[in-house]
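This is start-v3.txt (compact mmCIF, C-alpha atoms).
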```txt
# COMPACT_ATOMS: atom_id res chain seq x y z
CA GLN A 24 0.00 0.00 0.00
CA VAL A 25 1.03 3.61 -0.51
CA LYS A 26 3.05 5.00 2.41
CA LEU A 27 4.86 8.23 3.09
CA VAL A 28 6.98 8.11 6.25
CA GLN A 29 8.61 11.28 7.52
CA SER A 30 11.61 11.89 9.73
CA GLY A 31 11.27 12.74 13.40
CA ALA A 32 10.67 15.97 15.26
CA GLU A 33 13.32 18.67 15.22
CA VAL A 34 14.20 21.57 17.49
CA LYS A 35 16.19 24.35 15.88
CA GLN A 36 17.54 27.72 16.89
CA PRO A 37 16.50 30.87 15.04
CA GLY A 38 18.60 31.38 11.93
CA ALA A 39 19.31 27.67 11.50
CA SER A 40 18.11 25.32 8.76
CA VAL A 41 16.07 22.14 8.97
CA LYS A 42 15.87 19.23 6.52
CA VAL A 43 12.86 16.92 6.68
CA SER A 44 12.74 13.64 4.78
CA CYS A 45 9.76 11.77 3.34
CA LYS A 46 10.33 8.12 2.45
CA THR A 47 7.78 6.85 -0.07
CA SER A 48 6.75 3.29 -0.91
CA GLY A 49 3.95 1.29 -2.47
CA TYR A 50 3.82 3.11 -5.80
CA THR A 51 6.05 4.12 -8.70
CA PHE A 52 8.06 6.98 -7.24
CA THR A 53 8.48 8.83 -10.53
CA ASP A 54 4.76 8.80 -11.38
CA HIS A 55 3.65 11.39 -8.81
CA HIS A 56 4.70 14.83 -7.63
CA VAL A 57 5.35 15.13 -3.91
CA HIS A 58 4.11 18.28 -2.18
CA TRP A 59 4.94 19.89 1.14
CA VAL A 60 2.33 21.52 3.35
CA ARG A 61 2.74 23.03 6.78
CA GLN A 62 0.44 23.74 9.70
CA ALA A 63 1.35 26.13 12.48
CA PRO A 64 -0.01 25.28 15.96
CA GLY A 65 -3.78 25.70 16.01
CA GLN A 66 -3.79 27.08 12.47
CA GLY A 67 -4.81 25.97 8.99
CA LEU A 68 -2.92 24.32 6.17
CA GLU A 69 -0.40 26.13 3.98
CA TRP A 70 0.95 24.80 0.68
CA MET A 71 4.72 25.22 0.27
CA GLY A 72 5.49 23.66 -3.10
CA TRP A 73 6.21 20.43 -4.95
CA ILE A 74 8.98 18.37 -6.49
CA GLN A 75 8.68 16.23 -9.59
CA PRO A 76 10.68 13.09 -8.78
CA THR A 77 11.61 12.21 -12.36
CA SER A 78 13.35 15.45 -13.28
CA GLY A 79 13.83 16.97 -9.85
CA GLY A 80 11.94 20.00 -11.08
CA THR A 81 10.34 22.12 -8.39
CA LYS A 82 7.72 24.76 -7.86
CA TYR A 83 7.67 26.81 -4.68
CA GLU A 84 5.11 29.12 -3.14
CA GLN A 85 6.45 32.61 -3.63
CA LYS A 86 6.43 33.21 0.12
CA PHE A 87 9.13 30.55 0.56
CA GLN A 88 11.25 31.35 -2.51
CA GLY A 89 14.89 31.66 -1.57
CA ARG A 90 14.42 29.81 1.73
CA VAL A 91 13.10 26.41 0.71
CA THR A 92 14.80 23.68 -1.28
CA MET A 93 13.10 20.43 -2.25
CA THR A 94 15.24 17.55 -3.48
CA ARG A 95 14.90 13.84 -4.05
CA ASP A 96 16.94 10.65 -4.09
CA THR A 97 15.40 8.27 -6.59
CA SER A 98 17.56 5.35 -5.42
CA ILE A 99 15.76 5.32 -2.08
CA THR A 100 12.43 6.88 -3.22
CA THR A 101 12.81 9.70 -0.73
CA VAL A 102 12.15 13.41 -1.01
CA TYR A 103 13.55 16.14 1.20
CA MET A 104 12.45 19.62 2.18
CA GLU A 105 15.03 22.01 3.57
CA LEU A 106 13.99 25.35 5.05
CA SER A 107 16.63 27.89 5.99
CA SER A 108 16.83 31.11 8.04
CA LEU A 109 14.29 29.76 10.49
CA THR A 110 12.26 32.05 12.75
CA SER A 111 9.67 31.29 15.41
CA ASP A 112 7.02 31.74 12.70
CA ASP A 113 8.31 28.55 11.09
CA THR A 114 7.30 26.47 14.10
CA ALA A 115 4.81 24.05 12.56
CA VAL A 116 4.03 20.49 11.58
CA TYR A 117 5.38 19.84 8.09
CA TYR A 118 3.65 17.26 5.91
CA CYS A 119 4.60 15.64 2.64
CA ALA A 120 1.73 14.53 0.43
CA ARG A 121 1.52 12.69 -2.85
CA SER A 122 0.08 14.11 -6.05
CA VAL A 123 -3.23 15.89 -5.38
CA PHE A 124 -2.87 15.18 -1.68
CA ASP A 125 -4.37 11.71 -1.84
CA PHE A 126 -1.82 10.22 0.57
CA TRP A 127 0.01 12.06 3.35
CA GLY A 128 2.98 11.52 5.60
CA GLN A 129 2.40 11.50 9.35
CA GLY A 130 3.88 14.96 9.80
CA THR A 131 7.09 16.29 11.34
CA LEU A 132 7.00 18.88 14.11
CA VAL A 133 9.66 21.53 13.68
CA THR A 134 10.08 23.81 16.68
CA VAL A 135 12.16 26.96 16.35
CA SER A 136 13.24 28.25 19.73
CA SER A 137 16.26 29.78 21.36
CA ASP B 160 -3.83 34.20 -5.52
CA ILE B 161 -7.19 32.45 -5.30
CA GLN B 162 -8.81 32.95 -1.91
CA MET B 163 -10.94 30.13 -0.54
CA THR B 164 -13.56 31.36 1.89
CA GLN B 165 -14.93 28.53 3.97
CA SER B 166 -18.04 28.79 6.12
CA PRO B 167 -18.92 28.41 8.84
CA SER B 168 -15.62 28.46 10.72
CA SER B 169 -17.18 26.24 13.37
CA LEU B 170 -20.45 24.52 14.08
CA SER B 171 -22.02 22.44 16.81
CA ALA B 172 -24.16 19.51 15.77
CA SER B 173 -25.70 16.34 17.12
CA VAL B 174 -25.29 12.77 15.98
CA GLY B 175 -27.70 12.20 13.11
CA ASP B 176 -27.76 15.83 11.98
CA ARG B 177 -27.27 16.85 8.39
CA VAL B 178 -24.25 19.14 8.10
CA THR B 179 -23.31 21.41 5.21
CA ILE B 180 -19.99 23.23 4.78
CA THR B 181 -19.37 25.72 1.99
CA CYS B 182 -16.25 26.90 0.18
CA ARG B 183 -16.35 29.92 -2.08
CA ALA B 184 -13.47 30.64 -4.48
CA SER B 185 -12.47 34.20 -5.33
CA GLN B 186 -12.43 33.21 -9.00
CA GLY B 187 -13.59 30.24 -11.01
CA ILE B 188 -11.71 27.00 -10.43
CA ARG B 189 -13.83 24.61 -12.55
CA ASN B 190 -14.09 21.51 -10.33
CA ASP B 191 -10.45 21.53 -9.15
CA LEU B 192 -11.36 21.17 -5.49
CA ASN B 193 -10.87 18.52 -2.81
CA TRP B 194 -12.28 18.15 0.70
CA TYR B 195 -10.27 16.88 3.68
CA GLN B 196 -11.02 15.77 7.20
CA GLN B 197 -8.44 16.30 9.95
CA LYS B 198 -8.52 14.96 13.49
CA PRO B 199 -6.25 16.32 16.24
CA GLY B 200 -2.64 15.21 15.89
CA LYS B 201 -3.30 13.47 12.58
CA ALA B 202 -2.63 14.22 8.92
CA PRO B 203 -5.58 15.32 6.81
CA LYS B 204 -7.52 12.60 5.02
CA ARG B 205 -9.01 13.13 1.57
CA LEU B 206 -12.79 12.66 1.47
CA ILE B 207 -13.80 14.11 -1.88
CA TYR B 208 -11.80 14.85 -5.04
CA THR B 209 -12.66 16.84 -8.16
CA ALA B 210 -15.47 18.45 -6.18
CA SER B 211 -17.87 15.51 -6.13
CA SER B 212 -16.03 12.18 -6.38
CA LEU B 213 -16.01 10.10 -3.21
CA GLN B 214 -12.61 8.80 -2.14
CA SER B 215 -12.46 5.02 -1.96
CA GLY B 216 -13.22 3.78 1.55
CA VAL B 217 -15.00 6.97 2.64
CA PRO B 218 -18.58 6.44 3.88
CA SER B 219 -21.34 7.41 1.47
CA ARG B 220 -22.83 9.86 3.99
CA PHE B 221 -20.15 12.27 2.72
CA SER B 222 -20.88 14.03 -0.56
CA GLY B 223 -19.55 17.01 -2.46
CA SER B 224 -21.07 19.29 -5.05
CA GLY B 225 -20.40 22.49 -6.93
CA SER B 226 -18.35 23.92 -9.72
CA GLY B 227 -16.83 27.25 -10.61
CA THR B 228 -16.82 29.31 -7.42
CA GLU B 229 -19.26 27.64 -5.03
CA PHE B 230 -18.72 24.24 -3.44
CA THR B 231 -20.43 22.24 -0.72
CA LEU B 232 -19.49 19.32 1.49
CA THR B 233 -22.48 17.56 3.02
CA ILE B 234 -22.56 14.95 5.76
CA SER B 235 -26.02 13.42 5.53
CA SER B 236 -26.16 11.94 9.03
CA LEU B 237 -23.36 12.97 11.38
CA GLN B 238 -21.65 10.12 13.21
CA PRO B 239 -19.49 10.30 16.35
CA GLU B 240 -16.32 9.69 14.32
CA ASP B 241 -17.09 12.70 12.08
CA PHE B 242 -16.29 15.29 14.74
CA ALA B 243 -13.19 16.88 13.23
CA THR B 244 -12.00 19.87 11.23
CA TYR B 245 -12.75 20.00 7.51
CA TYR B 246 -10.77 21.85 4.82
CA CYS B 247 -11.27 22.52 1.14
CA LEU B 248 -8.31 22.79 -1.23
CA GLN B 249 -8.21 24.39 -4.67
CA TYR B 250 -5.59 23.14 -7.11
CA ASN B 251 -6.70 25.06 -10.18
CA SER B 252 -3.85 27.53 -10.06
CA TYR B 253 -0.75 28.29 -8.05
CA PRO B 254 -0.36 28.83 -5.23
CA TRP B 255 -2.70 26.03 -4.23
CA THR B 256 -4.80 27.30 -1.35
CA PHE B 257 -6.87 25.83 1.45
CA GLY B 258 -9.97 27.16 3.10
CA GLN B 259 -9.43 28.24 6.70
CA GLY B 260 -11.22 25.17 8.04
CA THR B 261 -14.53 24.28 9.68
CA LYS B 262 -14.44 22.69 13.11
CA VAL B 263 -17.40 20.37 13.74
CA ASP B 264 -17.97 19.61 17.40
CA ILE B 265 -20.57 17.96 19.56
CA LYS B 266 -23.65 19.96 20.52
```
Rewrite the structure from the file as structure tokens, please.
Amino acid sequence: QVKLVQSGAEVKQPGASVKVSCKTSGYTFTDHHVHWVRQAPGQGLEWMGWIQPTSGGTKYEQKFQGRVTMTRDTSITTVYMELSSLTSDDTAVYYCARSVFDFWGQGTLVTVSS
Amino acid sequence: DIQMTQSPSSLSASVGDRVTITCRASQGIRNDLNWYQQKPGKAPKRLIYTASSLQSGVPSRFSGSGSGTEFTLTISSLQPEDFATYYCLQYNSYPWTFGQGTKVDIK
């Protein structure tokens, strides 16, 4: 069955970077974009962008341009989302999701605190 | 950016009630809209895709309708496991945007 399994919770200091992984299985990795969505505590859902696993092509929400980098490793069917220059506003649960958000990872809590 | 205005932001209902949630898009999005259910501490779960298609495994008491700018999620008879927060998502144009959510709780 389709699974997306994310890396564990992270605590980072302001100004640092975080890299979250999303290991996929149960489908052909190159057939579906993988998206990233985040949710601040008690807030709604915010789309961040996607990566196309075949080419590595990406599209980012303008708000995150210059701070986010999405990559993939096709040999291990895993995608990564790296967010830099973290502030307290980046404290959130980060989700990966396949294609038109039909399957989701379990979420990774990133806490930014000094 | 396309704004998705979801209403109401919260509602209280009883088991067995019929519940309707609306999403209005700031411009036409054809039927490029999904509905999601989210329970505390869990990832969202897709209920409806392309505005009116029921996701496999989702109970038939959930239904979606609409096209263009006005969309509706209906729960025909609310069950205890349906108390959750519901979101719409438009994927017609970038950036993809969610409604702000509707929290359904017990009356």
Among listed residues B:Ser226, B:Gln165, B:Thr231, B:Ser185, nearest chain A (using all atoms listed in the file):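 Residue with the minimum atom-to-atom distance to chain A: B:Gln165.
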Shell around Ile265 of chain B at 10 Å using all atoms listed in the file, local window under 3 positions removed, as a list in words: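 The filter keeps Leu170, Ser171, Ala172, Ser173, Val174, Leu237, Pro239, Asp241, Phe242 and Ala243 of chain B.
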List every protein, DNA or RNA residue that has an atom no more than 12 Å from (0.1, 23.9, 5.0) in the file's coordinate frame, counting all atoms listed in the file, and report them as a PyMOL selection string. (chain A and resi 58-72+84+113-120+124+127+130) or (chain B and resi 202-203+246+248+254-260)
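Atom to atom, atom CA of Tyr50 of chain A and atom CA of Phe126 of chain A stand 11.1 Å apart.
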Can you pull out every residue within 12 Å of Gln88 of chain A, counting all atoms listed in the file, but drop anything in the same chain fewer than 4 positions away, and send it as a ChimeraX atom specification? /A:71-72,81-84,92-93,105-108
Distance in Å - atom CA of Thr179 of chain B versus atom CA of Gly200 of chain B: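 Between atom CA of Thr179 of chain B and atom CA of Gly200 of chain B the gap is 24.1 Å.
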Could you please determine the separation between atom CA of Thr131 of chain A and atom CA of Gly79 of chain A in Å, to one decimal place?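 Between atom CA of Thr131 of chain A and atom CA of Gly79 of chain A the gap works out to 22.2 Å.
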So that I can see what lies close to Lys26 of chain A, please list as a list in words the residues with an atom at most 12 Å from it, counting only C-alpha atoms and leaving out residues fewer than 6 positions away in the same chain. Cys45, Lys46, Thr47, Ser48, Gly49, Tyr50, Thr51, Phe52, Thr100, Thr101, Cys119, Ala120, Arg121, Asp125, Phe126, Trp127, Gly128 and Gln129 of chain A
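In terms of minimum interatomic distance to chain A, B:Arg205 ranks closest within B:Arg189, B:Ser169, B:Arg205, B:Thr164, counting all atoms listed in the file.
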Rank B:Gly227, B:Tyr250, B:Ile234, B:Ile161 by their smallest atom-to-atom distance to chain A, using all atoms listed in the file, and report the top residue only.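 Smallest separation from chain A among the options: B:Tyr250.
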Pick from B:Arg183, B:Lys198, B:Arg177, B:Lys204, whichever lies nearest to chain A using all atoms listed in the file: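 Of the candidates, the smallest distance to chain A is held by B:Lys204.
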Set the distance at 10 Å and use all atoms listed in the file: which residues neighbour Leu232 of chain B once local chain neighbours fewer than 6 positions away are removed? I'd like the list as a list in words.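 Using all atoms listed in the file, the neighbours found are Val178, Thr179, Ile180, Thr181, Cys182, Asn193, Trp194, Tyr195, Leu206, Ile207, Ala210, Ser211, Phe221, Ser222, Gly223, Ser224, Gly225, Tyr245, Tyr246 and Cys247 of chain B.
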With all atoms listed in the file as the basis for distance, which of A:Val123, A:Ile74, A:Val133, A:Val43 is at the shortest distance from chain B?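 Using all atoms listed in the file, chain B sits closest to A:Val123.
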Of the residues B:Ser236, B:Thr261, B:Ser166, B:Asn190, which is the one nearest to chain A, using all atoms listed in the file?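 Closest to chain A of all the choices is B:Thr261.
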Reconstruct all heavy atoms of segment 179-190 of chain B; output as a PDB file, in the frame of the given file.
```
ATOM      1  N   THR B 179     -23.757  20.870   6.500  1.00  0.00           N
ATOM      2  CA  THR B 179     -23.310  21.410   5.210  1.00  0.00           C
ATOM      3  C   THR B 179     -22.220  22.451   5.446  1.00  0.00           C
ATOM      4  O   THR B 179     -22.375  23.353   6.281  1.00  0.00           O
ATOM      5  CB  THR B 179     -24.474  22.056   4.449  1.00  0.00           C
ATOM      6  OG1 THR B 179     -25.470  21.060   4.195  1.00  0.00           O
ATOM      7  CG2 THR B 179     -23.999  22.629   3.118  1.00  0.00           C
ATOM      8  N   ILE B 180     -21.121  22.306   4.727  1.00  0.00           N
ATOM      9  CA  ILE B 180     -19.990  23.230   4.780  1.00  0.00           C
ATOM     10  C   ILE B 180     -19.770  23.775   3.374  1.00  0.00           C
ATOM     11  O   ILE B 180     -19.837  23.022   2.398  1.00  0.00           O
ATOM     12  CB  ILE B 180     -18.727  22.521   5.291  1.00  0.00           C
ATOM     13  CG1 ILE B 180     -18.953  21.972   6.701  1.00  0.00           C
ATOM     14  CG2 ILE B 180     -17.520  23.456   5.261  1.00  0.00           C
ATOM     15  CD1 ILE B 180     -17.881  20.996   7.167  1.00  0.00           C
ATOM     16  N   THR B 181     -19.510  25.073   3.285  1.00  0.00           N
ATOM     17  CA  THR B 181     -19.370  25.720   1.990  1.00  0.00           C
ATOM     18  C   THR B 181     -17.984  26.313   1.808  1.00  0.00           C
ATOM     19  O   THR B 181     -17.394  26.840   2.757  1.00  0.00           O
ATOM     20  CB  THR B 181     -20.415  26.849   1.851  1.00  0.00           C
ATOM     21  OG1 THR B 181     -21.712  26.268   1.906  1.00  0.00           O
ATOM     22  CG2 THR B 181     -20.259  27.595   0.541  1.00  0.00           C
ATOM     23  N   CYS B 182     -17.479  26.203   0.585  1.00  0.00           N
ATOM     24  CA  CYS B 182     -16.250  26.900   0.180  1.00  0.00           C
ATOM     25  C   CYS B 182     -16.561  27.750  -1.035  1.00  0.00           C
ATOM     26  O   CYS B 182     -17.151  27.251  -2.010  1.00  0.00           O
ATOM     27  CB  CYS B 182     -15.133  25.918  -0.156  1.00  0.00           C
ATOM     28  SG  CYS B 182     -13.889  25.768   1.128  1.00  0.00           S
ATOM     29  N   ARG B 183     -16.146  29.004  -0.956  1.00  0.00           N
ATOM     30  CA  ARG B 183     -16.350  29.920  -2.080  1.00  0.00           C
ATOM     31  C   ARG B 183     -14.976  30.372  -2.570  1.00  0.00           C
ATOM     32  O   ARG B 183     -14.140  30.832  -1.785  1.00  0.00           O
ATOM     33  CB  ARG B 183     -17.180  31.115  -1.640  1.00  0.00           C
ATOM     34  CG  ARG B 183     -17.499  32.089  -2.755  1.00  0.00           C
ATOM     35  CD  ARG B 183     -18.484  33.153  -2.284  1.00  0.00           C
ATOM     36  NE  ARG B 183     -19.817  32.600  -2.068  1.00  0.00           N
ATOM     37  CZ  ARG B 183     -20.378  32.469  -0.878  1.00  0.00           C
ATOM     38  NH1 ARG B 183     -19.732  32.850   0.221  1.00  0.00           N
ATOM     39  NH2 ARG B 183     -21.588  31.966  -0.753  1.00  0.00           N
ATOM     40  N   ALA B 184     -14.744  30.229  -3.880  1.00  0.00           N
ATOM     41  CA  ALA B 184     -13.470  30.640  -4.480  1.00  0.00           C
ATOM     42  C   ALA B 184     -13.574  32.068  -4.999  1.00  0.00           C
ATOM     43  O   ALA B 184     -14.620  32.470  -5.518  1.00  0.00           O
ATOM     44  CB  ALA B 184     -13.103  29.693  -5.614  1.00  0.00           C
ATOM     45  N   SER B 185     -12.477  32.798  -4.903  1.00  0.00           N
ATOM     46  CA  SER B 185     -12.470  34.200  -5.330  1.00  0.00           C
ATOM     47  C   SER B 185     -12.512  34.330  -6.861  1.00  0.00           C
ATOM     48  O   SER B 185     -12.782  35.420  -7.369  1.00  0.00           O
ATOM     49  CB  SER B 185     -11.254  34.926  -4.773  1.00  0.00           C
ATOM     50  OG  SER B 185     -10.058  34.297  -5.196  1.00  0.00           O
ATOM     51  N   GLN B 186     -12.241  33.252  -7.557  1.00  0.00           N
ATOM     52  CA  GLN B 186     -12.430  33.210  -9.000  1.00  0.00           C
ATOM     53  C   GLN B 186     -12.710  31.763  -9.398  1.00  0.00           C
ATOM     54  O   GLN B 186     -12.512  30.845  -8.593  1.00  0.00           O
ATOM     55  CB  GLN B 186     -11.206  33.750  -9.757  1.00  0.00           C
ATOM     56  CG  GLN B 186      -9.928  32.977  -9.539  1.00  0.00           C
ATOM     57  CD  GLN B 186      -8.725  33.720 -10.077  1.00  0.00           C
ATOM     58  OE1 GLN B 186      -8.284  34.729  -9.527  1.00  0.00           O
ATOM     59  NE2 GLN B 186      -8.165  33.218 -11.166  1.00  0.00           N
ATOM     60  N   GLY B 187     -13.189  31.568 -10.604  1.00  0.00           N
ATOM     61  CA  GLY B 187     -13.590  30.240 -11.010  1.00  0.00           C
ATOM     62  C   GLY B 187     -12.455  29.235 -11.023  1.00  0.00           C
ATOM     63  O   GLY B 187     -11.354  29.529 -11.495  1.00  0.00           O
ATOM     64  N   ILE B 188     -12.728  28.054 -10.499  1.00  0.00           N
ATOM     65  CA  ILE B 188     -11.710  27.000 -10.430  1.00  0.00           C
ATOM     66  C   ILE B 188     -12.211  25.697 -11.051  1.00  0.00           C
ATOM     67  O   ILE B 188     -11.713  24.608 -10.743  1.00  0.00           O
ATOM     68  CB  ILE B 188     -11.237  26.751  -8.967  1.00  0.00           C
ATOM     69  CG1 ILE B 188     -12.402  26.337  -8.064  1.00  0.00           C
ATOM     70  CG2 ILE B 188     -10.536  27.982  -8.401  1.00  0.00           C
ATOM     71  CD1 ILE B 188     -11.957  25.828  -6.690  1.00  0.00           C
ATOM     72  N   ARG B 189     -13.223  25.799 -11.930  1.00  0.00           N
ATOM     73  CA  ARG B 189     -13.830  24.610 -12.550  1.00  0.00           C
ATOM     74  C   ARG B 189     -14.270  23.675 -11.421  1.00  0.00           C
ATOM     75  O   ARG B 189     -15.024  24.088 -10.538  1.00  0.00           O
ATOM     76  CB  ARG B 189     -12.848  23.958 -13.523  1.00  0.00           C
ATOM     77  CG  ARG B 189     -12.375  24.898 -14.625  1.00  0.00           C
ATOM     78  CD  ARG B 189     -11.453  24.222 -15.604  1.00  0.00           C
ATOM     79  NE  ARG B 189     -10.296  23.616 -14.937  1.00  0.00           N
ATOM     80  CZ  ARG B 189      -9.317  23.001 -15.574  1.00  0.00           C
ATOM     81  NH1 ARG B 189      -9.353  22.872 -16.905  1.00  0.00           N
ATOM     82  NH2 ARG B 189      -8.295  22.483 -14.927  1.00  0.00           N
ATOM     83  N   ASN B 190     -13.798  22.430 -11.439  1.00  0.00           N
ATOM     84  CA  ASN B 190     -14.090  21.510 -10.330  1.00  0.00           C
ATOM     85  C   ASN B 190     -12.802  21.029  -9.672  1.00  0.00           C
ATOM     86  O   ASN B 190     -12.714  19.912  -9.153  1.00  0.00           O
ATOM     87  CB  ASN B 190     -14.932  20.332 -10.813  1.00  0.00           C
ATOM     88  CG  ASN B 190     -14.194  19.459 -11.812  1.00  0.00           C
ATOM     89  OD1 ASN B 190     -13.197  19.876 -12.374  1.00  0.00           O
ATOM     90  ND2 ASN B 190     -14.668  18.249 -12.027  1.00  0.00           N
TER      91      ASN B 190
END
```
